[in-house]
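See structure below.
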Amino acid sequence: MFSSLDVAEQWIKRHALSGTVTLYRVDVAAYDWAIASGHFKPSKPRHETSEFIGQFSGGDVHYHYEAGAKVG
């Protein structure tokens, strides 16, 4: 876990790593963040149930790297 994307990218570059970095929000659930940022809009009654909210995983931000360089 890194405190910032910049710190993570420095480490990835230093070790010429390949893989994925996922940004996680702190103190806000993915469901609430996705709604507040406009990435998801509940459109069905089930979208507001505990079961749906508990399984929600949308809105994750991923960055991909190959040999220490960001791809895409």
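Chains: A, B, ... in order of the structure tokens. Residues: from 1 per chain. Ligands: from 1, in order shown.
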
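Excluding A:Ser18 itself and same-chain residues fewer than 2 positions from it, the residues having an atom within 10 Å of it are A:Ile12, A:Lys13, A:His15, A:Ala16, A:Thr20, A:Val21, A:His64, A:Tyr65, A:Glu66, A:Ala67, A:Gly68, A:Ala69, A:Lys70, A:Val71, counting only C-alpha atoms.
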
- Do you know which residues are at most 12 Å from stretch 49-52 of chain A counting only C-alpha atoms, after dropping those on the same chain fewer than 6 positions away, and could you put them as a PyMOL selection string? chain A and resi 30-31+42-43+58

What would the file look like if the residues just selected were written as a PDB file, in the first residue's frame with N, CA and C atoms?
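File written: out31.pdb
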ATOM      1  N   ALA A  30     -17.191   2.334  -2.022  1.00  0.00           N
ATOM      2  CA  ALA A  30     -17.201   2.359  -3.484  1.00  0.00           C
ATOM      3  C   ALA A  30     -18.581   2.744  -4.018  1.00  0.00           C
ATOM      4  N   TYR A  31     -19.631   2.226  -3.408  1.00  0.00           N
ATOM      5  CA  TYR A  31     -21.004   2.520  -3.837  1.00  0.00           C
ATOM      6  C   TYR A  31     -21.294   4.020  -3.734  1.00  0.00           C
ATOM      7  N   PRO A  42     -28.282   4.495  -9.353  1.00  0.00           N
ATOM      8  CA  PRO A  42     -29.246   3.429  -9.062  1.00  0.00           C
ATOM      9  C   PRO A  42     -30.490   3.610  -9.929  1.00  0.00           C
ATOM     10  N   SER A  43     -30.831   2.571 -10.687  1.00  0.00           N
ATOM     11  CA  SER A  43     -31.977   2.681 -11.594  1.00  0.00           C
ATOM     12  C   SER A  43     -33.034   1.611 -11.348  1.00  0.00           C
ATOM     13  N   GLY A  58     -17.919  -1.289  -8.078  1.00  0.00           N
ATOM     14  CA  GLY A  58     -17.661  -0.406  -9.200  1.00  0.00           C
ATOM     15  C   GLY A  58     -16.853   0.823  -8.819  1.00  0.00           C
TER      16      GLY A  58
END

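Proximity ranking of A:Lys44, A:Gln55, A:Arg14, A:Val7 relative to A:Ala29 places A:Gln55 first, based on only C-alpha atoms.
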
- Atom pair atom CA of A:Arg25 / atom CA of A:Val61: separation (Å): 9.6 Å

Tell me, which residues of stretch 18-52 of chain A carry DSSP alpha helix (DSSP H), written as a PDB file with N, CA and C atoms, in the first residue's frame?
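The resulting file, result.pdb, is shown below:
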ATOM      1  N   ALA A  30     -17.191   2.334  -2.022  1.00  0.00           N
ATOM      2  CA  ALA A  30     -17.201   2.359  -3.484  1.00  0.00           C
ATOM      3  C   ALA A  30     -18.581   2.744  -4.018  1.00  0.00           C
ATOM      4  N   TYR A  31     -19.631   2.226  -3.408  1.00  0.00           N
ATOM      5  CA  TYR A  31     -21.004   2.520  -3.837  1.00  0.00           C
ATOM      6  C   TYR A  31     -21.294   4.020  -3.734  1.00  0.00           C
ATOM      7  N   ASP A  32     -20.991   4.608  -2.572  1.00  0.00           N
ATOM      8  CA  ASP A  32     -21.246   6.041  -2.371  1.00  0.00           C
ATOM      9  C   ASP A  32     -20.394   6.893  -3.300  1.00  0.00           C
ATOM     10  N   TRP A  33     -19.133   6.509  -3.481  1.00  0.00           N
ATOM     11  CA  TRP A  33     -18.236   7.263  -4.355  1.00  0.00           C
ATOM     12  C   TRP A  33     -18.720   7.212  -5.803  1.00  0.00           C
ATOM     13  N   ALA A  34     -19.129   6.027  -6.267  1.00  0.00           N
ATOM     14  CA  ALA A  34     -19.581   5.876  -7.652  1.00  0.00           C
ATOM     15  C   ALA A  34     -20.820   6.725  -7.923  1.00  0.00           C
ATOM     16  N   ILE A  35     -21.726   6.807  -6.966  1.00  0.00           N
ATOM     17  CA  ILE A  35     -22.925   7.641  -7.130  1.00  0.00           C
ATOM     18  C   ILE A  35     -22.546   9.118  -7.111  1.00  0.00           C
ATOM     19  N   ALA A  36     -21.757   9.528  -6.124  1.00  0.00           N
ATOM     20  CA  ALA A  36     -21.380  10.943  -5.986  1.00  0.00           C
ATOM     21  C   ALA A  36     -20.587  11.452  -7.179  1.00  0.00           C
ATOM     22  N   SER A  50     -29.422  -3.797   0.701  1.00  0.00           N
ATOM     23  CA  SER A  50     -28.182  -4.111   1.425  1.00  0.00           C
ATOM     24  C   SER A  50     -27.347  -5.136   0.664  1.00  0.00           C
ATOM     25  N   GLU A  51     -28.000  -6.135   0.077  1.00  0.00           N
ATOM     26  CA  GLU A  51     -27.270  -7.172  -0.654  1.00  0.00           C
ATOM     27  C   GLU A  51     -26.498  -6.575  -1.829  1.00  0.00           C
ATOM     28  N   PHE A  52     -27.144  -5.734  -2.621  1.00  0.00           N
ATOM     29  CA  PHE A  52     -26.482  -5.128  -3.776  1.00  0.00           C
ATOM     30  C   PHE A  52     -25.346  -4.208  -3.327  1.00  0.00           C
TER      31      PHE A  52
END

- Write out as a ChimeraX atom specification all residues of chain A that DSSP puts in strand (DSSP E) for this structure's backbone. /A:19-23,61-66,69-71
